[in-house]
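Encoded as structure tokens, the structure appears first; notes follow it.
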Amino acid sequence: MNLPALAQINEGLARADAAMLQGDLQLMHDATHEALELLAALAHAGQAARAQTPAPAPWNETEITSALWQILAQLRRAGCGAFPFAGTLLGLERDGRLLPNDKDADLGVWLEDFTMACRTLQAMGLQRAGNGPPFGNMACFVLGEPRLSIDLFGIRREPEHNRMVGGVWLYGRPPSHQRITHYPWFTLASRDGPSGEVWWPEPPAALLGALYGNWRRPQPEWDSLVSCLAVQETNLQWRCFALKNLCDSWLAGNLPRTRRLVDQIVARGGPDAALDRWAAALDAGMAAKPAG
């Protein structure tokens, strides 16, 4: 292992994380780009860098599902227009259960109820996480037991355009820093849950189709940021988090999957010389040492 290169990679990723917390997406992009160039150089030299990550805690589907239904019911009782969203809605609607090992539940809420929903979650004992960008319409909350995090997204209704507008926004920043998603108009309908009535998107297929296309067909390697069909522009924010996901995947050590993620990024964002270089490096790394 080239220790100086590994130290540089870790230093670059630390700079990228610090920039992300400040909403400085250009700095985040540049630091992540540098780390990927170093990873590529190591791969061409027949070496690999792999992050040391702790083993994930056991996933108790029964306990996590029960906690999620309780949270949804409590949000409704509090008067919040909150509902299952994205991967959580996909699993519950398509499979009748959460997606496997899904510790990060996705909830949508009408933008005007976003602050009230945040207060309600905190009153239920969830802690607001401080390790994400300062988005104005998105927050992450963590429940200690069972281990569950809630990603809450504020969604604006625009009846004059017959659409919903979501994504994640950095107020006071230029358009390049905003991830804007458009969804067809939908309403909320009441649905019985194990812990009481909850709100549910109606029709759910309209929202899921906007996010995933053919949502009824499982896509195990779908990257919810890179390949989301509802994203309106592959701008600086999109590129930042696409590269972050690519770097995280590369450091996890699964080169074939990382190579396929490059293809997803190219398919959504178009050709790019740097992506071509990293794809060639991943190909060289896989040829030098079969994935195991």
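Ordering of the structure tokens sets the chain letters (A, B, ...); residue numbers start at 1 within each chain; ligands are numbered from 1 in the order shown.
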Note to self: Neighbouring residues of Ala206 of chain A were defined as those with any atom within 10 Å, considering only C-alpha atoms; residues of the same chain fewer than 6 positions away were excluded. Please report them as a list in words.
What the structure shows: Tyr183, Pro184, Trp185, Phe186 and Gly213 of chain A
Output the selection as a tab-separated table (two decimals), in the first residue's frame - C-alpha atoms for each residue.
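New file result18.tsv:
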```tsv
chain	number	residue	atom	x	y	z
A	183	TYR	CA	-43.14	15.31	-9.35
A	184	PRO	CA	-46.63	15.09	-10.83
A	185	TRP	CA	-49.45	16.39	-8.68
A	186	PHE	CA	-50.64	14.01	-5.98
A	213	GLY	CA	-39.39	4.91	-13.89
```
Notebook entry, point to check: Neighbours of segment 66-70 of chain A within 12 Å (only C-alpha atoms; same-chain residues fewer than 5 positions away dropped), as a ChimeraX atom specification?
Noted result: /A:60-61,75-77,82-84,88-89,92,97-98,102-107,121,124-126,142-151,191-200
Next item on the list: Mind listing the helix (DSSP H, G or I) residues of segment 29-151 of chain A, per DSSP on the backbone, as a count of residues only?
Entry: 56
Next item on the list: Grab the atom CA of Leu170 of chain A to atom CA of Gly23 of chain A distance for me, in Å with one decimal place.
Entry: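 If I compute the distance from atom CA of Leu170 of chain A to atom CA of Gly23 of chain A, I get 7.2 Å.
Straight-line separation from atom CA of Met286 of chain A to atom CA of Leu38 of chain A: 16.5 Å.
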Notebook entry, point to check: Hey, what's within 6 Å of segment 178-180 of chain A if we count only C-alpha atoms and toss same-chain stuff fewer than 2 positions away? As number ranges by chain, please?
Noted result: A: 166-169, 175-176, 231-232
Item checked: Point-to-point distance in Å for atom CA of Pro174 of chain A and atom CA of Trp278 of chain A ->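 Answer for the atom CA of Trp278 of chain A to atom CA of Pro174 of chain A separation: 28.8 Å.
Counting only C-alpha atoms, the residue from A:Pro4, A:Pro58, A:Gly46, A:Pro100 that sits nearest to Pro218 of chain A is A:Pro100.
Residue nearest Val262 of chain A within the list A:Arg15, A:Leu36, A:Met116, A:Leu152: A:Leu36 [criterion: smallest interatomic distance, only C-alpha atoms].
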Notebook entry, point to check: Can you list, as an MDAnalysis selection string, every protein, DNA or RNA residue that comes within 12 Å of segment 264-271 of chain A when you count only C-alpha atoms, leaving out same-chain residues fewer than 3 positions away?
Noted result: chainID A and resid 221:236 238:246 257:261 274:279
Name the residues in contact with Gly130 of chain A at a cut-off of 10 Å, using only C-alpha atoms, excluding same-chain residues fewer than 4 positions from it; report them as a PDB file with C-alpha atoms, in the first residue's frame.
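Written output follows (around28.pdb):
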```pdb
ATOM      1  CA  LEU A  21     -21.054  20.830   6.248  1.00  0.00           C
ATOM      2  CA  PRO A 134     -27.245  22.956   5.849  1.00  0.00           C
ATOM      3  CA  ALA A 139     -33.136  17.130   7.844  1.00  0.00           C
ATOM      4  CA  CYS A 140     -31.940  13.809   9.220  1.00  0.00           C
ATOM      5  CA  PHE A 141     -33.114  12.481  12.581  1.00  0.00           C
TER       6      PHE A 141
END
```
